[in-house]
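This report refers to the structure that appears directly beneath it.
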Amino acid sequence: MNILVALTKDLPVGTNLALLHFFWMLVSGALLPHRGAIFPALQAIGLSKDATRRAWAAFRKGAWQTAIILRLWQEQIEGLPGWRVHRHEGYRAITVDVTAFWRPALQKCPSKHYHPAANRALPAVIFGVIGEVGQIGGQRLACPLAFERVHPKDPSESRLWQELLRWARRHLASDDVAVMDAGVKLADVQAAGLERYLLRLATNFTAHRNQPLPYRGKGRKPIYGERIRPLERSYKGKTIAASSPDRVETWTENGVALRAEIWEDLILPGVIPSPQAKTFHVYAIYDPAYTTPWLLATPLKLKAATVRAIYQDRWPVEQIPLAAKQMVGAHRQFVHADESIQRLPELSLLAGSILSYLAATAPLAPTGFWDRQPKRTPGRFRRMLMGKPFPQNHPLPRQLRKKASVTDHLPKGLLARRQKSTASAPLVMP
């Protein structure tokens, strides 16, 4: 409760208390039993009809910004005792990812996202999630730094990735590395001007050497370098062999033998070799736990074990949307206004992050007598809060209160709806 108060107390009077009620509804999991319906969920935490309407109005039209609340939450995380940012060879991993909230029945949905079960793109509200990775309470978690919306004039996912890469270029420090999955192309990352990144590549990825092939004495002199294929593949029943690596590194981690094949100073296909060309290194990391090796690209010259550790730090960013959808209950949404369809997923992502950190720092909360070895998970912490009303007796700061505004003279109900007049303009006779 103290964390929710710290996030909302500096908002405008009236809006802060109403948004505090809305946050408690999210973190307590009230959306789950009501299948995403906001009004029943607000009433389920013990709010009156008027308080429910005020919470809805603050959520939909309140004068607040998600970026400001997110910055306050980041300060809360950095102030938690035991929070430690992960660093590898001096570099901090900044995860960049895209998540989707599926809205198949939403009319004029602004964007689409590929759904693997449907094997096609479905209507969804998509967001870019950026966070730094650290550890607290023995758990590796991501601290959200930004939630990026789609561009209002170009809501495509490719444009969203361009905005995310621009954000990374502007905000990343000299010791930060942007870590991304295969949802973005290496050519787009280089075009954005990122100097430090770690990107997963497709298994059929190919590159070229940064020096032309030697001239064989006949025909036109080569202008492109040797083609490098890190992994073998099959095409029309024929196997295409992989290229020989420049060097191989082996190491042991937790008793497991790992191996990495490395190709250095490569360029993208179609790029003419030159000293000014943007080069990168490719790491093919073989782990017995996975059938397919990881194929990673980075312009930094790092140890293979460091590259593997940095890419593993990308995974905690997946827990934020997982907790928001499954633990908070925001996988079903019934809001339709242009701003509401953006605000509800943002607050849900923030609530999911709050649940994860509270679970990592709170005492163990077993689900029942059968839960003999409980772990600090957001699901168990949410079950502990589920069904509990808003703590009315909790001492609140003076600024967290209902705004004493005179509203008796204002129209109520249907009379308050602004309806556009369909009457034609009066005809003026000459």
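FYI, nothing fancy with the structure tokens labels: chains A, B, ... in order, residues from 1 per chain, ligands from 1 as they appear.
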Practice problem: Write out as a PyMOL selection string the residues lying within 9 Å of range 226-237 of chain A, counting only C-alpha atoms and excluding same-chain residues fewer than 3 positions away. | Solution: chain A and resi 203-213+240-245+261-263+266+269+282-284+293+295
What does the file look like for those residues with N, CA, C and O atoms, as a tab-separated table (two decimals), in the first residue's frame?
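Result file follows (again.tsv):
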chain	number	residue	atom	x	y	z
A	203	THR	N	17.88	-18.56	-37.87
A	203	THR	CA	18.79	-19.70	-38.07
A	203	THR	C	19.35	-19.76	-39.48
A	203	THR	O	20.39	-20.38	-39.70
A	204	ASN	N	18.68	-19.12	-40.45
A	204	ASN	CA	19.19	-19.12	-41.83
A	204	ASN	C	19.94	-17.84	-42.16
A	204	ASN	O	20.08	-17.48	-43.34
A	205	PHE	N	20.40	-17.13	-41.14
A	205	PHE	CA	21.11	-15.86	-41.35
A	205	PHE	C	22.43	-16.10	-42.08
A	205	PHE	O	23.14	-17.08	-41.82
A	206	THR	N	22.76	-15.18	-42.98
A	206	THR	CA	24.05	-15.19	-43.67
A	206	THR	C	24.65	-13.79	-43.63
A	206	THR	O	23.93	-12.79	-43.52
A	207	ALA	N	25.97	-13.73	-43.73
A	207	ALA	CA	26.69	-12.46	-43.75
A	207	ALA	C	27.87	-12.60	-44.71
A	207	ALA	O	28.05	-13.63	-45.37
A	208	HIS	N	28.69	-11.54	-44.79
A	208	HIS	CA	29.86	-11.54	-45.67
A	208	HIS	C	31.07	-11.02	-44.91
A	208	HIS	O	30.94	-10.29	-43.92
A	209	ARG	N	32.21	-11.41	-45.40
A	209	ARG	CA	33.46	-10.87	-44.87
A	209	ARG	C	33.61	-9.40	-45.29
A	209	ARG	O	33.04	-8.97	-46.31
A	210	ASN	N	34.38	-8.69	-44.52
A	210	ASN	CA	34.59	-7.27	-44.82
A	210	ASN	C	35.79	-7.04	-45.73
A	210	ASN	O	36.42	-5.98	-45.68
A	211	GLN	N	36.15	-8.01	-46.51
A	211	GLN	CA	37.18	-7.84	-47.54
A	211	GLN	C	36.76	-8.61	-48.78
A	211	GLN	O	36.20	-9.72	-48.66
A	212	PRO	N	36.96	-8.06	-49.96
A	212	PRO	CA	36.52	-8.74	-51.19
A	212	PRO	C	37.23	-10.07	-51.39
A	212	PRO	O	38.34	-10.30	-50.89
A	213	LEU	N	36.58	-10.93	-52.12
A	213	LEU	CA	37.20	-12.20	-52.47
A	213	LEU	C	38.43	-11.96	-53.35
A	213	LEU	O	38.47	-10.98	-54.12
A	240	ILE	N	23.18	-27.63	-47.05
A	240	ILE	CA	24.18	-26.58	-47.28
A	240	ILE	C	25.04	-26.49	-46.04
A	240	ILE	O	24.54	-26.20	-44.94
A	241	ALA	N	26.31	-26.76	-46.19
A	241	ALA	CA	27.20	-26.82	-45.03
A	241	ALA	C	27.42	-25.44	-44.43
A	241	ALA	O	27.32	-24.41	-45.10
A	242	ALA	N	27.72	-25.44	-43.14
A	242	ALA	CA	28.02	-24.19	-42.43
A	242	ALA	C	29.47	-23.79	-42.68
A	242	ALA	O	30.33	-24.61	-43.02
A	243	SER	N	29.74	-22.51	-42.55
A	243	SER	CA	31.10	-21.99	-42.73
A	243	SER	C	31.96	-22.31	-41.50
A	243	SER	O	31.45	-22.45	-40.39
A	244	SER	N	33.23	-22.41	-41.73
A	244	SER	CA	34.16	-22.68	-40.63
A	244	SER	C	34.31	-21.43	-39.77
A	244	SER	O	34.47	-20.32	-40.30
A	245	PRO	N	34.25	-21.55	-38.45
A	245	PRO	CA	34.36	-20.37	-37.58
A	245	PRO	C	35.78	-19.84	-37.51
A	245	PRO	O	36.75	-20.57	-37.78
A	261	GLU	N	30.89	-21.05	-31.40
A	261	GLU	CA	31.63	-20.79	-32.64
A	261	GLU	C	31.46	-19.31	-32.99
A	261	GLU	O	30.34	-18.79	-32.97
A	262	ILE	N	32.56	-18.65	-33.33
A	262	ILE	CA	32.56	-17.20	-33.46
A	262	ILE	C	33.11	-16.81	-34.82
A	262	ILE	O	34.14	-17.34	-35.28
A	263	TRP	N	32.41	-15.87	-35.47
A	263	TRP	CA	32.87	-15.25	-36.72
A	263	TRP	C	32.99	-13.75	-36.46
A	263	TRP	O	32.04	-13.12	-35.95
A	266	LEU	N	32.14	-9.14	-39.58
A	266	LEU	CA	31.27	-9.45	-40.69
A	266	LEU	C	30.43	-8.22	-41.06
A	266	LEU	O	30.28	-7.30	-40.26
A	269	PRO	N	24.77	-8.74	-46.04
A	269	PRO	CA	24.76	-8.95	-47.50
A	269	PRO	C	24.34	-7.68	-48.23
A	269	PRO	O	23.44	-6.96	-47.80
A	282	VAL	N	29.42	-12.61	-34.89
A	282	VAL	CA	28.35	-13.58	-34.76
A	282	VAL	C	28.82	-14.71	-33.85
A	282	VAL	O	29.90	-15.26	-34.04
A	283	TYR	N	27.97	-15.04	-32.86
A	283	TYR	CA	28.25	-16.11	-31.91
A	283	TYR	C	27.18	-17.19	-32.07
A	283	TYR	O	25.98	-16.90	-31.95
A	284	ALA	N	27.59	-18.40	-32.35
A	284	ALA	CA	26.69	-19.56	-32.36
A	284	ALA	C	26.98	-20.36	-31.10
A	284	ALA	O	28.02	-21.03	-31.00
A	293	PRO	N	21.06	-24.13	-31.69
A	293	PRO	CA	21.98	-23.19	-31.06
A	293	PRO	C	21.47	-21.76	-31.14
A	293	PRO	O	20.71	-21.41	-32.04
A	295	LEU	N	21.96	-18.04	-32.10
A	295	LEU	CA	22.74	-17.29	-33.07
A	295	LEU	C	22.59	-15.81	-32.72
A	295	LEU	O	21.51	-15.23	-32.89
Practice problem: Mind listing the alpha helix (DSSP H) residues of range 127-186 of chain A, per DSSP on the backbone, as a VMD selection string? | Solution: chain A and resid 157 to 171 186
Exercise. Rounded to one decimal place, report the CA of Phe390 in chain A-CA of Pro33 in chain A distance in Å.
Key: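 According to the coordinates, CA of Phe390 in chain A and CA of Pro33 in chain A are separated by 16.5 Å.
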Practice problem: Write out as a list of chain:residue names which residues come within 8 Å of Asp176 in chain A when counting only C-alpha atoms, dropping same-chain ones fewer than 6 positions away. | Solution: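 Skipping anything fewer than 6 positions along the chain leaves A:Tyr91, A:Arg92, A:Ala93, A:Ile94, A:Arg196.
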Exercise. May I ask for the distance between CA of Leu4 in chain A and CA of Thr377 in chain A, given in Å to one decimal place?
Key: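 One can read the CA of Leu4 in chain A to CA of Thr377 in chain A distance as 19.1 Å.
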Spatial neighbours of Gln319 in chain A, 9 Å, only C-alpha atoms, chain gap at least 5 places, as a PDB file with all heavy atoms, in the first residue's frame:
ATOM      1  N   LEU A 141      14.890  -9.889 -12.109  1.00  0.00           N
ATOM      2  CA  LEU A 141      13.705  -9.155 -12.533  1.00  0.00           C
ATOM      3  C   LEU A 141      14.109  -7.989 -13.419  1.00  0.00           C
ATOM      4  O   LEU A 141      15.256  -7.532 -13.386  1.00  0.00           O
ATOM      5  CB  LEU A 141      12.914  -8.650 -11.327  1.00  0.00           C
ATOM      6  CG  LEU A 141      12.349  -9.715 -10.378  1.00  0.00           C
ATOM      7  CD1 LEU A 141      11.736  -9.062  -9.160  1.00  0.00           C
ATOM      8  CD2 LEU A 141      11.334 -10.578 -11.098  1.00  0.00           C
ATOM      9  N   ALA A 142      13.152  -7.500 -14.185  1.00  0.00           N
ATOM     10  CA  ALA A 142      13.368  -6.353 -15.067  1.00  0.00           C
ATOM     11  C   ALA A 142      12.680  -5.136 -14.466  1.00  0.00           C
ATOM     12  O   ALA A 142      11.502  -5.199 -14.094  1.00  0.00           O
ATOM     13  CB  ALA A 142      12.826  -6.627 -16.468  1.00  0.00           C
ATOM     14  N   ALA A 324       1.029  -9.118 -16.019  1.00  0.00           N
ATOM     15  CA  ALA A 324      -0.065  -8.185 -16.297  1.00  0.00           C
ATOM     16  C   ALA A 324      -1.279  -8.902 -16.857  1.00  0.00           C
ATOM     17  O   ALA A 324      -2.420  -8.567 -16.522  1.00  0.00           O
ATOM     18  CB  ALA A 324       0.410  -7.106 -17.267  1.00  0.00           C
ATOM     19  N   GLY A 352       1.670  -5.422 -12.981  1.00  0.00           N
ATOM     20  CA  GLY A 352       2.380  -6.688 -13.024  1.00  0.00           C
ATOM     21  C   GLY A 352       3.801  -6.577 -12.521  1.00  0.00           C
ATOM     22  O   GLY A 352       4.297  -7.473 -11.811  1.00  0.00           O
ATOM     23  N   SER A 353       4.470  -5.495 -12.847  1.00  0.00           N
ATOM     24  CA  SER A 353       5.820  -5.270 -12.330  1.00  0.00           C
ATOM     25  C   SER A 353       5.811  -5.077 -10.818  1.00  0.00           C
ATOM     26  O   SER A 353       6.674  -5.596 -10.100  1.00  0.00           O
ATOM     27  CB  SER A 353       6.445  -4.053 -13.018  1.00  0.00           C
ATOM     28  OG  SER A 353       7.716  -3.758 -12.492  1.00  0.00           O
ATOM     29  N   SER A 356       5.445  -8.419  -9.092  1.00  0.00           N
ATOM     30  CA  SER A 356       6.662  -9.224  -9.130  1.00  0.00           C
ATOM     31  C   SER A 356       7.652  -8.773  -8.066  1.00  0.00           C
ATOM     32  O   SER A 356       8.272  -9.607  -7.381  1.00  0.00           O
ATOM     33  CB  SER A 356       7.290  -9.145 -10.519  1.00  0.00           C
ATOM     34  OG  SER A 356       6.418  -9.664 -11.499  1.00  0.00           O
TER      35      SER A 356
END
Practice problem: Could you give me the residues within range 156-364 of chain A that DSSP places in strand (DSSP E), as a ChimeraX atom specification? | Solution: /A:176-180,197-200,207-212,225-228,233-235,238-240,247-253,256-267,280-286,294-298
Exercise. May I have the residues within 9 Å of range 329-335 of chain A as a PyMOL selection string, using only C-alpha atoms and disregarding those fewer than 3 positions away in the same chain?
Key: chain A and resi 26+29-38+101-103+106+323-326+338+340-341+344-345+348-349
Practice problem: Name all residues at most 9 Å from range 120-129 of chain A (count only C-alpha atoms; drop same-chain ones fewer than 3 positions away) and give them as JSON, numbers by chain. | Solution: {"A": [95, 96, 97, 98, 99, 100, 101, 102, 103, 104, 105, 106, 108, 109, 110, 111, 112, 113, 114, 115, 116, 117, 144, 145, 146, 147, 148, 149, 150, 155, 157, 160, 161, 163, 164, 317, 320, 321, 341, 342, 345, 346]}
Go ahead and save the residues from that selection, with N, CA and C atoms, as a compact mmCIF listing (two decimals), in the first residue's frame.
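New file again.txt:
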# COMPACT_ATOMS: atom_id res chain seq x y z
N THR A 95 16.89 -4.40 -21.87
CA THR A 95 16.06 -5.24 -22.71
C THR A 95 15.05 -4.40 -23.49
N VAL A 96 14.84 -4.75 -24.73
CA VAL A 96 13.88 -4.07 -25.61
C VAL A 96 13.01 -5.15 -26.25
N ASP A 97 11.70 -5.03 -26.05
CA ASP A 97 10.80 -6.07 -26.54
C ASP A 97 9.46 -5.44 -26.90
N VAL A 98 8.63 -6.20 -27.58
CA VAL A 98 7.28 -5.78 -27.97
C VAL A 98 6.30 -6.81 -27.44
N THR A 99 5.22 -6.34 -26.82
CA THR A 99 4.17 -7.21 -26.32
C THR A 99 2.83 -6.75 -26.87
N ALA A 100 1.86 -7.66 -26.86
CA ALA A 100 0.56 -7.38 -27.47
C ALA A 100 -0.56 -7.76 -26.51
N PHE A 101 -1.59 -6.94 -26.48
CA PHE A 101 -2.84 -7.24 -25.79
C PHE A 101 -3.90 -7.47 -26.87
N TRP A 102 -4.32 -8.71 -27.00
CA TRP A 102 -5.20 -9.09 -28.11
C TRP A 102 -6.58 -8.47 -27.94
N ARG A 103 -7.07 -7.82 -29.01
CA ARG A 103 -8.41 -7.22 -29.03
C ARG A 103 -9.11 -7.59 -30.33
N PRO A 104 -9.47 -8.87 -30.50
CA PRO A 104 -10.04 -9.30 -31.80
C PRO A 104 -11.40 -8.68 -32.11
N ALA A 105 -12.16 -8.26 -31.08
CA ALA A 105 -13.49 -7.70 -31.32
C ALA A 105 -13.50 -6.18 -31.29
N LEU A 106 -12.34 -5.55 -31.11
CA LEU A 106 -12.28 -4.09 -31.03
C LEU A 106 -12.38 -3.50 -32.43
N LYS A 108 -11.91 -0.85 -35.27
CA LYS A 108 -10.86 0.11 -35.59
C LYS A 108 -9.67 -0.03 -34.65
N CYS A 109 -9.29 -1.27 -34.40
CA CYS A 109 -8.10 -1.51 -33.56
C CYS A 109 -6.88 -0.89 -34.25
N PRO A 110 -6.07 -0.13 -33.52
CA PRO A 110 -5.01 0.63 -34.20
C PRO A 110 -3.87 -0.21 -34.76
N SER A 111 -3.71 -1.47 -34.32
CA SER A 111 -2.54 -2.22 -34.76
C SER A 111 -2.86 -3.71 -34.77
N LYS A 112 -1.90 -4.49 -35.28
CA LYS A 112 -1.99 -5.94 -35.33
C LYS A 112 -0.68 -6.54 -34.87
N HIS A 113 -0.77 -7.83 -34.48
CA HIS A 113 0.42 -8.54 -34.03
C HIS A 113 0.27 -10.01 -34.42
N TYR A 114 1.39 -10.62 -34.76
CA TYR A 114 1.35 -12.02 -35.21
C TYR A 114 1.00 -12.94 -34.04
N HIS A 115 0.02 -13.81 -34.27
CA HIS A 115 -0.38 -14.80 -33.28
C HIS A 115 0.04 -16.18 -33.78
N PRO A 116 0.91 -16.88 -33.06
CA PRO A 116 1.43 -18.16 -33.58
C PRO A 116 0.35 -19.22 -33.73
N ALA A 117 -0.66 -19.23 -32.84
CA ALA A 117 -1.71 -20.25 -32.96
C ALA A 117 -2.58 -20.02 -34.18
N PRO A 144 11.09 -1.79 -15.34
CA PRO A 144 10.62 -1.11 -16.56
C PRO A 144 11.06 0.34 -16.60
N LEU A 145 11.61 0.72 -17.73
CA LEU A 145 12.06 2.10 -17.95
C LEU A 145 11.10 2.89 -18.82
N ALA A 146 10.42 2.23 -19.75
CA ALA A 146 9.51 2.94 -20.65
C ALA A 146 8.54 1.95 -21.27
N PHE A 147 7.30 2.43 -21.49
CA PHE A 147 6.30 1.73 -22.28
C PHE A 147 6.00 2.62 -23.48
N GLU A 148 6.34 2.15 -24.67
CA GLU A 148 6.18 2.95 -25.87
C GLU A 148 4.91 2.55 -26.62
N ARG A 149 4.09 3.54 -26.94
CA ARG A 149 2.89 3.29 -27.75
C ARG A 149 3.23 3.32 -29.23
N VAL A 150 2.30 2.83 -30.04
CA VAL A 150 2.47 2.91 -31.47
C VAL A 150 2.27 4.36 -31.92
N PRO A 155 0.57 3.01 -37.07
CA PRO A 155 0.54 2.09 -35.94
C PRO A 155 1.16 0.72 -36.22
N GLU A 157 3.88 -2.38 -36.52
CA GLU A 157 4.90 -2.86 -35.59
C GLU A 157 6.30 -2.45 -36.03
N LEU A 160 6.85 0.92 -34.73
CA LEU A 160 7.08 0.87 -33.28
C LEU A 160 8.52 0.47 -32.98
N TRP A 161 9.06 -0.49 -33.73
CA TRP A 161 10.46 -0.87 -33.52
C TRP A 161 11.40 0.29 -33.84
N GLU A 163 10.74 3.43 -33.35
CA GLU A 163 10.66 4.31 -32.19
C GLU A 163 11.45 3.74 -31.01
N LEU A 164 11.37 2.43 -30.82
CA LEU A 164 12.11 1.81 -29.72
C LEU A 164 13.62 1.94 -29.93
N VAL A 317 12.22 -9.55 -18.97
CA VAL A 317 11.25 -8.59 -19.49
C VAL A 317 9.97 -9.29 -19.91
N ILE A 320 6.96 -9.24 -17.20
CA ILE A 320 6.09 -8.07 -16.99
C ILE A 320 4.75 -8.25 -17.70
N PRO A 321 4.69 -8.53 -19.02
CA PRO A 321 3.38 -8.77 -19.63
C PRO A 321 2.73 -10.06 -19.16
N ILE A 341 -7.88 2.42 -24.37
CA ILE A 341 -7.27 1.17 -24.86
C ILE A 341 -5.75 1.21 -24.75
N GLN A 342 -5.19 2.39 -24.53
CA GLN A 342 -3.75 2.52 -24.31
C GLN A 342 -3.42 2.56 -22.82
N PRO A 345 -3.72 -1.17 -20.68
CA PRO A 345 -2.54 -2.04 -20.75
C PRO A 345 -1.31 -1.46 -20.05
N GLU A 346 -1.11 -0.15 -20.14
CA GLU A 346 0.05 0.45 -19.48
C GLU A 346 -0.04 0.28 -17.96
Range 239-333 of chain A residues near range 182-193 of chain A within 9 Å, closest pair each, using only C-alpha atoms, as a tab-separated table:
residue	atom	partner	partner_atom	distance
A:Leu268	CA	A:Ala187	CA	7.5
A:Lys278	CA	A:Gln190	CA	7.5
A:Ala297	CA	A:Leu186	CA	8.3
